[in-house]
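A.B. asks: Provided below: entry26.txt, containing compact mmCIF, C-alpha atoms.
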```
# COMPACT_ATOMS: atom_id res chain seq x y z
CA MET A 1 -84.16 5.32 46.01
CA SER A 2 -81.57 3.48 48.07
CA ASP A 3 -79.44 5.32 50.60
CA ALA A 4 -76.60 2.82 50.39
CA PRO A 5 -73.10 4.35 50.31
CA SER A 6 -72.52 2.98 46.82
CA ASP A 7 -75.49 5.01 45.48
CA ARG A 8 -74.19 8.39 46.75
CA LEU A 9 -72.40 10.92 44.56
CA PRO A 10 -68.62 11.12 45.06
CA HIS A 11 -67.54 13.64 47.70
CA PHE A 12 -64.70 15.91 46.53
CA VAL A 13 -64.52 18.25 49.55
CA SER A 14 -61.37 17.84 51.61
CA GLN A 15 -62.00 15.86 54.80
CA ALA A 16 -58.98 17.43 56.55
CA PRO A 17 -59.83 19.51 59.63
CA TYR A 18 -59.91 23.29 59.11
CA ASP A 19 -56.72 25.01 60.14
CA PRO A 20 -57.32 28.78 60.55
CA GLY A 21 -53.59 29.39 60.98
CA GLY A 22 -52.61 27.69 57.77
CA ALA A 23 -50.99 29.56 54.91
CA PRO A 24 -53.36 30.69 52.13
CA GLN A 25 -53.07 29.12 48.74
CA ASP A 26 -51.99 32.42 47.16
CA ASP A 27 -49.28 34.25 49.10
CA THR A 28 -49.28 37.25 46.71
CA PRO A 29 -50.43 40.37 48.59
CA PRO A 30 -53.26 42.33 46.97
CA THR A 31 -52.13 45.28 44.86
CA SER A 32 -53.28 48.63 46.24
CA GLN A 33 -55.07 51.17 44.10
CA TRP A 34 -52.21 53.65 44.34
CA ARG A 35 -49.77 51.01 43.12
CA LEU A 36 -52.00 50.27 40.15
CA VAL A 37 -52.16 54.00 39.40
CA TRP A 38 -48.37 54.26 39.57
CA GLN A 39 -47.85 51.26 37.29
CA LYS A 40 -50.22 52.65 34.67
CA LEU A 41 -48.73 56.15 34.92
CA LYS A 42 -45.25 54.79 34.19
CA ARG A 43 -46.55 53.31 30.95
CA HIS A 44 -47.73 56.77 29.87
CA ARG A 45 -44.33 57.98 28.66
CA LEU A 46 -45.19 61.64 28.07
CA ALA A 47 -46.93 61.99 31.43
CA TYR A 48 -44.09 60.18 33.21
CA ILE A 49 -41.43 62.43 31.68
CA SER A 50 -43.53 65.52 32.45
CA GLY A 51 -43.87 64.38 36.06
CA LEU A 52 -40.10 63.96 36.40
CA PHE A 53 -39.58 67.40 34.87
CA LEU A 54 -42.00 69.00 37.34
CA LEU A 55 -40.42 67.11 40.24
CA MET A 56 -37.00 68.41 39.22
CA ILE A 57 -38.29 71.99 38.95
CA TYR A 58 -40.00 71.91 42.35
CA ALA A 59 -37.00 70.23 43.97
CA SER A 60 -34.83 73.13 42.78
CA LEU A 61 -37.00 75.84 44.39
CA PRO A 62 -35.26 75.78 47.83
CA PHE A 63 -31.89 76.25 46.10
CA SER A 64 -32.69 79.08 43.69
CA GLU A 65 -29.95 81.28 45.15
CA THR A 66 -27.26 78.68 44.57
CA ILE A 67 -28.48 77.65 41.10
CA ALA A 68 -28.61 81.22 39.78
CA PRO A 69 -25.17 82.44 38.64
CA TYR A 70 -25.91 85.97 39.88
CA ALA A 71 -27.81 87.50 42.78
CA LEU A 72 -31.30 88.81 42.09
CA GLU A 73 -30.45 92.52 41.90
CA ASP A 74 -26.85 92.35 40.62
CA ARG A 75 -26.37 94.98 37.90
CA ASN A 76 -23.66 95.56 35.33
CA ALA A 77 -23.89 98.99 33.73
CA ASP A 78 -21.39 97.93 31.03
CA TYR A 79 -23.81 95.33 29.62
CA LEU A 80 -27.25 96.90 29.25
CA TYR A 81 -29.53 94.78 27.07
CA ALA A 82 -26.63 92.40 26.32
CA PRO A 83 -27.63 89.41 24.14
CA PRO A 84 -27.45 85.79 25.34
CA GLN A 85 -24.05 84.12 25.38
CA ALA A 86 -23.64 80.63 23.92
CA VAL A 87 -21.74 77.89 25.77
CA HIS A 88 -18.89 76.27 23.82
CA LEU A 89 -16.59 73.32 24.45
CA PHE A 90 -13.90 73.74 21.75
CA HIS A 91 -11.80 76.78 20.88
CA GLU A 92 -9.82 76.64 17.61
CA GLY A 93 -10.09 72.84 17.58
CA GLU A 94 -8.87 72.43 21.16
CA PHE A 95 -11.12 71.08 23.90
CA ILE A 96 -11.27 73.57 26.75
CA GLY A 97 -14.49 72.64 28.53
CA PRO A 98 -17.59 74.75 29.02
CA PHE A 99 -16.80 78.39 28.27
CA VAL A 100 -18.30 81.50 26.71
CA TYR A 101 -16.81 84.19 24.51
CA GLY A 102 -16.71 87.78 25.74
CA TYR A 103 -18.53 90.77 24.28
CA LYS A 104 -17.50 93.88 22.47
CA GLY A 105 -20.08 96.64 22.86
CA VAL A 106 -20.44 99.43 20.30
CA ALA A 107 -22.83 102.36 20.64
CA ASN A 108 -25.30 102.59 17.74
CA LEU A 109 -26.03 106.31 17.60
CA ALA A 110 -28.43 105.93 14.70
CA LEU A 111 -30.82 103.70 16.67
CA PHE A 112 -29.73 104.83 20.16
CA LYS A 113 -28.87 101.35 21.32
CA TRP A 114 -25.88 99.14 22.02
CA ASP A 115 -24.64 96.61 19.48
CA TYR A 116 -22.65 93.69 20.83
CA ALA A 117 -20.18 91.58 18.86
CA VAL A 118 -18.63 88.32 20.01
CA ASP A 119 -14.92 88.61 20.79
CA THR A 120 -13.38 85.18 20.15
CA ASN A 121 -10.16 86.33 21.78
CA GLN A 122 -11.91 86.47 25.15
CA VAL A 123 -12.25 82.85 26.23
CA GLN A 124 -14.03 82.77 29.60
CA PRO A 125 -14.20 79.25 31.14
CA LEU A 126 -17.07 78.56 33.48
CA ARG A 127 -16.45 77.76 37.13
CA PHE A 128 -18.43 75.12 39.01
CA PHE A 129 -19.16 74.83 42.74
CA CYS A 130 -17.58 78.19 43.25
CA SER A 131 -17.75 81.45 45.19
CA GLY A 132 -19.55 84.19 43.33
CA ALA A 133 -22.03 86.98 43.93
CA ALA A 134 -23.10 87.31 47.57
CA TYR A 135 -26.75 86.76 48.47
CA LYS A 136 -29.07 86.10 51.40
CA PHE A 137 -30.02 82.42 51.39
CA TRP A 138 -33.79 82.32 52.04
CA GLY A 139 -33.39 85.94 53.06
CA VAL A 140 -31.66 84.89 56.31
CA TRP A 141 -28.07 83.64 55.88
CA SER A 142 -25.34 85.42 53.95
CA ALA A 143 -23.62 83.15 51.42
CA ASP A 144 -21.80 83.27 48.08
CA PHE A 145 -21.79 79.61 46.96
CA HIS A 146 -23.06 78.89 43.42
CA PHE A 147 -23.25 75.75 41.32
CA VAL A 148 -21.91 77.65 38.31
CA CYS A 149 -20.17 81.03 38.08
CA PRO A 150 -18.69 83.15 35.31
CA SER A 151 -14.93 83.31 34.98
CA ARG A 152 -13.23 85.93 37.07
CA ASN A 153 -13.72 89.35 35.46
CA GLY A 154 -15.95 87.63 32.90
CA THR A 155 -19.67 87.37 32.23
CA LEU A 156 -22.23 84.57 31.97
CA TYR A 157 -25.48 85.83 30.48
CA LEU A 158 -27.15 82.75 28.98
CA PHE A 159 -30.50 84.58 28.69
CA GLY A 160 -28.97 88.04 28.13
CA THR A 161 -29.54 91.06 30.34
CA ASP A 162 -32.35 93.55 30.84
CA ARG A 163 -32.39 97.35 30.64
CA LEU A 164 -30.54 97.63 33.97
CA GLY A 165 -27.85 95.07 33.13
CA ARG A 166 -29.32 92.31 35.32
CA ASP A 167 -28.92 88.66 34.33
CA MET A 168 -32.22 87.40 32.89
CA LEU A 169 -31.52 83.73 33.64
CA SER A 170 -30.92 84.42 37.34
CA ARG A 171 -34.11 86.47 37.54
CA VAL A 172 -36.09 83.70 35.82
CA ILE A 173 -34.75 81.19 38.36
CA TYR A 174 -35.74 83.45 41.24
CA GLY A 175 -39.15 84.07 39.66
CA THR A 176 -39.77 80.33 39.36
CA ARG A 177 -39.98 80.05 43.15
CA ILE A 178 -42.72 82.71 43.37
CA SER A 179 -44.81 81.63 40.37
CA LEU A 180 -44.84 77.92 41.22
CA THR A 181 -45.43 78.52 44.93
CA ILE A 182 -48.54 80.55 44.13
CA GLY A 183 -49.89 77.61 42.12
CA LEU A 184 -49.35 75.12 44.95
CA ILE A 185 -50.77 77.32 47.72
CA GLY A 186 -53.70 78.41 45.58
CA ILE A 187 -54.68 74.86 44.63
CA SER A 188 -54.40 73.81 48.29
CA ILE A 189 -56.98 76.45 49.24
CA SER A 190 -59.19 75.49 46.30
CA PHE A 191 -58.88 71.77 47.09
CA VAL A 192 -59.94 72.17 50.73
CA LEU A 193 -62.91 74.37 49.80
CA ALA A 194 -64.02 71.93 47.10
CA LEU A 195 -63.89 68.97 49.50
CA LEU A 196 -65.85 70.79 52.20
CA ILE A 197 -68.48 72.49 50.05
CA GLY A 198 -68.84 69.77 47.42
CA GLY A 199 -68.80 67.03 50.06
CA ALA A 200 -71.58 68.70 52.07
CA ALA A 201 -73.70 69.23 48.95
CA GLY A 202 -73.29 65.66 47.73
CA TYR A 203 -73.90 64.00 51.08
CA PHE A 204 -76.73 66.04 52.57
CA GLY A 205 -78.51 67.09 49.36
CA GLY A 206 -81.70 69.12 49.74
CA TRP A 207 -81.35 72.84 50.35
CA VAL A 208 -77.59 72.49 50.94
CA ASP A 209 -77.19 71.04 47.46
CA ASN A 210 -79.43 73.69 45.87
CA LEU A 211 -77.60 76.54 47.59
CA THR A 212 -74.20 75.14 46.58
CA LEU A 213 -75.26 74.71 42.93
CA ARG A 214 -76.61 78.25 42.72
CA LEU A 215 -73.37 79.62 44.20
CA ILE A 216 -71.28 77.59 41.75
CA GLU A 217 -73.38 78.81 38.81
CA ILE A 218 -73.01 82.44 39.85
CA ILE A 219 -69.21 82.19 40.19
CA ARG A 220 -68.83 80.27 36.93
CA ALA A 221 -71.02 82.81 35.10
CA LEU A 222 -68.62 85.65 35.92
CA PRO A 223 -65.76 86.17 33.43
CA GLU A 224 -62.66 84.80 35.08
CA LEU A 225 -59.90 87.22 34.09
CA PRO A 226 -61.88 90.46 34.66
CA LEU A 227 -62.94 89.14 38.07
CA TRP A 228 -59.32 88.40 38.96
CA MET A 229 -58.35 91.87 37.77
CA ALA A 230 -61.08 93.57 39.81
CA LEU A 231 -60.18 91.75 43.03
CA SER A 232 -56.44 92.25 42.50
CA ALA A 233 -56.95 95.96 41.86
CA ALA A 234 -58.83 96.15 45.17
CA LEU A 235 -55.69 95.16 47.10
CA PRO A 236 -54.34 98.27 48.88
CA VAL A 237 -51.29 99.84 47.25
CA SER A 238 -49.76 100.35 50.69
CA TRP A 239 -49.52 96.60 51.32
CA SER A 240 -46.08 95.04 51.53
CA PRO A 241 -44.95 92.63 48.77
CA ILE A 242 -45.53 89.66 51.11
CA ALA A 243 -49.10 90.82 51.84
CA VAL A 244 -49.79 91.27 48.11
CA PHE A 245 -48.41 87.77 47.46
CA ALA A 246 -50.70 86.32 50.15
CA GLY A 247 -53.71 88.28 48.91
CA LEU A 248 -53.20 87.23 45.30
CA THR A 249 -52.81 83.59 46.33
CA VAL A 250 -56.06 83.68 48.32
CA ILE A 251 -57.90 85.32 45.40
CA LEU A 252 -56.76 82.62 42.96
CA GLY A 253 -57.67 79.88 45.43
CA LEU A 254 -61.11 81.25 46.31
CA LEU A 255 -62.19 81.54 42.67
CA ASP A 256 -61.01 78.15 41.41
CA TRP A 257 -62.96 75.72 43.63
CA PRO A 258 -66.38 75.49 41.82
CA GLY A 259 -65.33 73.03 39.11
CA LEU A 260 -63.70 70.64 41.56
CA ALA A 261 -66.57 71.00 44.04
CA ARG A 262 -69.06 69.98 41.35
CA ALA A 263 -67.04 66.81 40.66
CA VAL A 264 -66.91 65.99 44.40
CA ARG A 265 -70.67 66.50 44.71
CA ALA A 266 -71.49 64.22 41.77
CA ARG A 267 -69.27 61.40 43.01
CA LEU A 268 -70.54 61.55 46.57
CA MET A 269 -74.18 61.47 45.43
CA SER A 270 -73.51 58.23 43.56
CA LEU A 271 -71.31 56.59 46.22
CA ARG A 272 -73.55 57.32 49.19
CA GLU A 273 -76.11 54.85 47.79
CA GLU A 274 -73.61 51.98 47.57
CA ASP A 275 -73.86 48.98 49.89
CA PHE A 276 -70.58 49.71 51.70
CA ALA A 277 -71.83 53.21 52.58
CA THR A 278 -75.10 51.79 53.93
CA ALA A 279 -73.17 49.22 55.96
CA ALA A 280 -70.98 51.94 57.46
CA ILE A 281 -74.05 53.96 58.46
CA LEU A 282 -75.67 50.90 60.07
CA MET A 283 -72.47 50.34 62.05
CA GLY A 284 -72.75 53.85 63.48
CA ALA A 285 -70.46 55.91 61.23
CA GLY A 286 -71.27 59.61 61.33
CA PRO A 287 -71.27 61.91 58.28
CA ALA A 288 -67.69 63.11 58.80
CA ARG A 289 -66.32 59.57 59.17
CA LEU A 290 -68.39 58.22 56.30
CA ILE A 291 -67.24 60.97 53.93
CA GLY A 292 -63.60 61.09 55.03
CA ARG A 293 -63.01 57.40 55.65
CA HIS A 294 -65.20 55.60 53.13
CA LEU A 295 -66.38 57.89 50.31
CA LEU A 296 -63.51 60.27 49.49
CA PRO A 297 -60.77 57.58 49.29
CA ASN A 298 -62.76 55.87 46.52
CA PHE A 299 -62.17 58.74 44.11
CA MET A 300 -59.26 60.65 45.66
CA SER A 301 -57.03 59.79 42.70
CA HIS A 302 -59.53 61.48 40.36
CA LEU A 303 -59.55 64.56 42.59
CA ILE A 304 -55.76 64.77 42.61
CA ALA A 305 -55.70 64.50 38.81
CA SER A 306 -58.29 67.28 38.52
CA ALA A 307 -56.35 69.46 40.97
CA THR A 308 -53.15 68.91 38.96
CA LEU A 309 -54.88 70.25 35.86
CA SER A 310 -55.96 73.36 37.81
CA ILE A 311 -52.43 74.42 38.81
CA PRO A 312 -51.54 75.77 35.31
CA THR A 313 -54.62 77.99 35.44
CA MET A 314 -53.34 79.63 38.62
CA ILE A 315 -49.82 80.03 37.23
CA LEU A 316 -51.21 81.69 34.10
CA GLY A 317 -53.51 83.82 36.25
CA GLU A 318 -50.63 85.17 38.32
CA THR A 319 -48.53 85.74 35.19
CA ALA A 320 -51.35 87.62 33.45
CA LEU A 321 -52.15 89.80 36.48
CA SER A 322 -48.50 90.66 37.12
CA PHE A 323 -47.99 91.37 33.42
CA LEU A 324 -50.91 93.82 33.51
CA GLY A 325 -49.55 95.49 36.65
CA LEU A 326 -52.36 94.24 38.90
CA GLY A 327 -50.55 91.36 40.58
CA LEU A 328 -47.12 91.13 42.13
CA ARG A 329 -44.86 94.16 41.91
CA PRO A 330 -41.12 94.70 42.34
CA PRO A 331 -39.09 93.96 44.41
CA VAL A 332 -40.95 90.62 44.24
CA THR A 333 -39.86 88.78 41.10
CA SER A 334 -42.12 86.37 39.24
CA TRP A 335 -42.50 85.33 35.62
CA GLY A 336 -45.28 87.86 35.14
CA VAL A 337 -43.17 90.66 36.63
CA LEU A 338 -40.31 89.78 34.28
CA LEU A 339 -42.63 89.96 31.27
CA VAL A 340 -43.66 93.54 32.06
CA GLU A 341 -40.77 94.80 29.95
CA ALA A 342 -42.22 92.88 27.00
CA GLN A 343 -45.02 95.46 26.83
CA ASN A 344 -42.63 97.73 24.95
CA ILE A 345 -42.83 96.65 21.32
CA ALA A 346 -39.81 98.76 20.37
CA ALA A 347 -37.71 97.02 23.01
CA ILE A 348 -38.82 93.60 21.75
CA SER A 349 -37.81 94.47 18.19
CA PHE A 350 -34.30 95.44 19.34
CA TYR A 351 -33.89 92.97 22.22
CA PRO A 352 -36.07 89.89 21.58
CA TRP A 353 -34.46 87.93 24.43
CA ILE A 354 -36.53 89.87 26.98
CA MET A 355 -39.34 87.50 25.91
CA LEU A 356 -37.39 84.48 27.21
CA PRO A 357 -39.32 84.39 30.55
CA MET A 358 -42.20 83.05 28.45
CA ALA A 359 -40.25 79.81 27.87
CA PRO A 360 -40.56 78.41 31.44
CA VAL A 361 -44.24 79.42 31.54
CA ILE A 362 -44.95 77.43 28.38
CA LEU A 363 -42.87 74.43 29.46
CA VAL A 364 -44.36 74.19 32.96
CA VAL A 365 -47.96 74.65 31.78
CA LEU A 366 -47.53 71.98 29.09
CA ALA A 367 -45.87 69.63 31.59
CA PHE A 368 -48.75 70.05 34.04
CA ASN A 369 -51.30 69.39 31.30
CA PHE A 370 -49.52 66.26 30.06
CA PHE A 371 -48.97 64.99 33.61
CA GLY A 372 -52.57 65.74 34.62
CA ASP A 373 -53.97 63.95 31.56
CA GLY A 374 -51.83 60.90 32.23
CA LEU A 375 -52.70 60.92 35.92
CA ARG A 376 -56.41 61.18 35.12
CA ASP A 377 -56.17 58.15 32.83
CA ALA A 378 -54.13 56.22 35.39
CA ALA A 379 -56.64 57.05 38.15
CA ASP A 380 -58.86 54.38 36.62
CA PRO A 381 -56.36 51.48 36.53
CA TYR A 382 -58.94 48.97 35.30
CA SER A 383 -59.81 50.91 32.13
```
Using structure tokens, write down the structure from this file.

C.D. replies:
Amino acid sequence: MSDAPSDRLPHFVSQAPYDPGGAPQDDTPPTSQWRLVWQKLKRHRLAYISGLFLLMIYASLPFSETIAPYALEDRNADYLYAPPQAVHLFHEGEFIGPFVYGYKGVANLALFKWDYAVDTNQVQPLRFFCSGAAYKFWGVWSADFHFVCPSRNGTLYLFGTDRLGRDMLSRVIYGTRISLTIGLIGISISFVLALLIGGAAGYFGGWVDNLTLRLIEIIRALPELPLWMALSAALPVSWSPIAVFAGLTVILGLLDWPGLARAVRARLMSLREEDFATAAILMGAGPARLIGRHLLPNFMSHLIASATLSIPTMILGETALSFLGLGLRPPVTSWGVLLVEAQNIAAISFYPWIMLPMAPVILVVLAFNFFGDGLRDAADPYS
């Protein structure tokens, strides 16, 4: 075969000298995994709306005192077990703005209760960004500013009142801070324990893995609610409300880590055999750096989604324990504490609005479930 230039195959490689500083052909930056997760989550309408709802609820927690129309322990002996008031805009065909009608209370001696009738002659316009009931902001500063207040010498009981004449809506708003904070702190404790214990079991294997699995199986074999009840009942009665709050949070966090730890273990056992993990070890990465820098970031989105689905369990756990009298106790106010009055069936039959603290529990738990499901699907953006 001849080696003449005419017999050679055509050469299509560029003969221009290599310029390492030249611009790449594609100037589009690579899309990060978190951006892909966010883009897919936005397409999940129910999860996206649930996430916005939860963000709004948590953003309101620092301002519970100003959002609530009344202070936590404000009482009105003239309106015991008063029913909810409806907000109206028009009175006799005339636009007035947001207002409520006043009450007329009549003693029902046959049933030993108060009957309330709406008095349409008492038009009570609502006040916004106003001075109202005094309170201690965050328990430190004295203030009286509220976003919405009843009219002067009027009432604003959108959720009705309890047996002591306290506004149920204000107490629900105050209880939201406690119930949702327990969920966040509890899942933080559970998340850290799951990463440490599950990460050690998945990376080292051997007797560490066997010991971790046996411990997980023992904890998961115990019935959850009776175990919570037993540990909560063991808290000393002499403890302050803050100490009981801290103890209950630790109990919920310490008992919720096994499921998440098992997921961490399984993922680490599969990822530690990948080529990038072997390369990191050959380059001198120690166990802590390999797990924290290379292995965990590869499935952190899945862990966050799993943790999000665990928060409703802790909220329901606190609500159930407080409802049974084994969790938080007055003067601390949570959703479970507010539902204690619902144990009286006779009271529920006469005053069904005392069950209204169940509404935020249901809404928040459903929102967390919808958001967690959507986040779990979005955690795999290539599916």

A.B. asks: Extract, using only C-alpha atoms, all DNA, RNA and protein residues at most 10 Å from stretch 78-83 of chain A, discarding same-chain residues fewer than 3 positions from it, and format them as a PyMOL selection string.

C.D. replies: chain A and resi 75+86+103-105+113-118+155+157-168+347+350-354

A.B. asks: Keeping C-alpha atoms, export the residues of the selection given above as a short mmCIF file (atom, residue, chain, number, x, y, z; two decimals), in the coordinates of the input.

C.D. replies:
```cif
data_model
loop_
_atom_site.label_atom_id
_atom_site.label_comp_id
_atom_site.auth_asym_id
_atom_site.auth_seq_id
_atom_site.Cartn_x
_atom_site.Cartn_y
_atom_site.Cartn_z
CA ARG A 75 -26.37 94.98 37.90
CA ALA A 86 -23.64 80.63 23.92
CA TYR A 103 -18.53 90.77 24.28
CA LYS A 104 -17.50 93.88 22.47
CA GLY A 105 -20.08 96.64 22.86
CA LYS A 113 -28.87 101.35 21.32
CA TRP A 114 -25.88 99.14 22.02
CA ASP A 115 -24.64 96.61 19.48
CA TYR A 116 -22.65 93.69 20.83
CA ALA A 117 -20.18 91.58 18.86
CA VAL A 118 -18.63 88.32 20.01
CA THR A 155 -19.67 87.37 32.23
CA TYR A 157 -25.48 85.83 30.48
CA LEU A 158 -27.15 82.75 28.98
CA PHE A 159 -30.50 84.58 28.69
CA GLY A 160 -28.97 88.04 28.13
CA THR A 161 -29.54 91.06 30.34
CA ASP A 162 -32.35 93.55 30.84
CA ARG A 163 -32.39 97.35 30.64
CA LEU A 164 -30.54 97.63 33.97
CA GLY A 165 -27.85 95.07 33.13
CA ARG A 166 -29.32 92.31 35.32
CA ASP A 167 -28.92 88.66 34.33
CA MET A 168 -32.22 87.40 32.89
CA ALA A 347 -37.71 97.02 23.01
CA PHE A 350 -34.30 95.44 19.34
CA TYR A 351 -33.89 92.97 22.22
CA PRO A 352 -36.07 89.89 21.58
CA TRP A 353 -34.46 87.93 24.43
CA ILE A 354 -36.53 89.87 26.98
#
```

A.B. asks: What gap, in Å, lies between atom CA of A:Val100 and atom CA of A:Asn344?

C.D. replies: 29.3 Å

A.B. asks: Within 10 Å of A:Gly132, counting all atoms listed in the file, which residues qualify if same-chain residues fewer than 3 places away don't, as a list in words?

C.D. replies: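 Surrounding residues, per the criterion: Thr66, Pro69, Tyr70, Ala71, Arg127, Phe129, Tyr135, Ala143, Asp144, Phe145, His146, Phe147, Val148, Cys149, Pro150, Ser151 and Arg152 of chain A.
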
A.B. asks: Residues of stretch 151-241 of chain A within 9 Å of stretch 268-278 of chain A: nearest atom pair and distance (Å, one decimal) for each, counting all atoms listed in the file, sorted by chain and number, as CSV?

C.D. replies:
```
residue,atom,partner,partner_atom,distance
A:Gly198,CA,A:Leu268,CA,8.4
A:Gly199,CA,A:Leu268,CA,6.7
A:Ala201,CA,A:Met269,CA,8.5
A:Gly202,CA,A:Met269,CA,4.9
A:Tyr203,CA,A:Leu268,CA,6.1
A:Phe204,CA,A:Met269,CA,8.9
A:Gly205,CA,A:Met269,CA,8.1
```

A.B. asks: Can you measure atom CA of A:Gly292 to atom CA of A:Leu193 for me? One decimal in Å is fine.

C.D. replies: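 Computed distance, atom CA of A:Gly292 to atom CA of A:Leu193, equals 14.3 Å.
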
A.B. asks: Give the answer as one residue: which of A:Ala47, A:Lys42, A:Ala200, A:Phe370 has the shortest atom-to-atom distance to A:Ile291, using all atoms listed in the file?

C.D. replies: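 Result for the nearest residue to A:Ile291: A:Ala200.
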
A.B. asks: Can you tell me, as number ranges by chain, which residues sit within 8 Å of (-73.3, 73.4, 45.5) in the file's frame, using all atoms listed in the file?

C.D. replies: A: 197-198, 201, 208-216, 261-262, 265

A.B. asks: Neighbours of A:Ala246 within 12 Å (all atoms listed in the file; same-chain residues fewer than 5 positions away dropped), as an mmCIF file with C-alpha atoms, in the coordinates of the input?

C.D. replies:
```cif
data_model
loop_
_atom_site.group_PDB
_atom_site.id
_atom_site.type_symbol
_atom_site.label_atom_id
_atom_site.label_comp_id
_atom_site.auth_asym_id
_atom_site.auth_seq_id
_atom_site.Cartn_x
_atom_site.Cartn_y
_atom_site.Cartn_z
ATOM 1 C CA ILE A 178 -42.720 82.710 43.370
ATOM 2 C CA THR A 181 -45.430 78.520 44.930
ATOM 3 C CA ILE A 182 -48.540 80.550 44.130
ATOM 4 C CA GLY A 183 -49.890 77.610 42.120
ATOM 5 C CA ILE A 185 -50.770 77.320 47.720
ATOM 6 C CA GLY A 186 -53.700 78.410 45.580
ATOM 7 C CA ILE A 189 -56.980 76.450 49.240
ATOM 8 C CA SER A 232 -56.440 92.250 42.500
ATOM 9 C CA LEU A 235 -55.690 95.160 47.100
ATOM 10 C CA TRP A 239 -49.520 96.600 51.320
ATOM 11 C CA SER A 240 -46.080 95.040 51.530
ATOM 12 C CA PRO A 241 -44.950 92.630 48.770
ATOM 13 C CA ILE A 251 -57.900 85.320 45.400
ATOM 14 C CA LEU A 252 -56.760 82.620 42.960
ATOM 15 C CA GLY A 253 -57.670 79.880 45.430
ATOM 16 C CA GLU A 318 -50.630 85.170 38.320
ATOM 17 C CA GLY A 327 -50.550 91.360 40.580
ATOM 18 C CA LEU A 328 -47.120 91.130 42.130
#
```

A.B. asks: By how many Å are atom CA of A:Ile242 and atom CA of A:Gln343 apart?

C.D. replies: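 It comes out at 25.0 Å.
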
A.B. asks: Set out as a tab-separated table a contact list for stretch 114-205 of chain A and stretch 331-341 of chain A with a cut-off of 7 Å, giving each residue of stretch 114-205 of chain A that qualifies its closest atom pair and distance in Å to one decimal, counting all atoms listed in the file, ordered by chain and rising residue number.

C.D. replies:
```
residue	atom	partner	partner_atom	distance
A:Val172	CA	A:Trp335	CA	6.6
A:Tyr174	CA	A:Thr333	CA	6.7
A:Gly175	CA	A:Ser334	CA	3.8
A:Thr176	CA	A:Ser334	CA	6.5
A:Ile178	CA	A:Ser334	CA	5.6
A:Ser179	CA	A:Ser334	CA	5.6
```

A.B. asks: Give me the residues near A:Pro297 as a PyMOL selection string, where near means some atom within 12 Å (using all atoms listed in the file) and where sequence neighbours in that chain fewer than 2 positions away do not count.

C.D. replies: chain A and resi 33-34+195+264+267-268+271+289-295+299-304+379

A.B. asks: Which residues of stretch 201-243 of chain A have any atom within 12 Å of an atom in stretch 311-317 of chain A when counting all atoms listed in the file, and what is the closest pair of atoms for each, with the distance in Å to one decimal? Order the rows by chain and rising number and write it as CSV.

C.D. replies:
```
residue,atom,partner,partner_atom,distance
A:Glu224,CA,A:Gly317,CA,9.3
A:Leu225,CA,A:Gly317,CA,7.6
A:Pro226,CA,A:Gly317,CA,10.8
A:Leu227,CA,A:Gly317,CA,11.0
A:Trp228,CA,A:Gly317,CA,7.9
A:Met229,CA,A:Gly317,CA,9.5
A:Ser232,CA,A:Gly317,CA,10.9
```
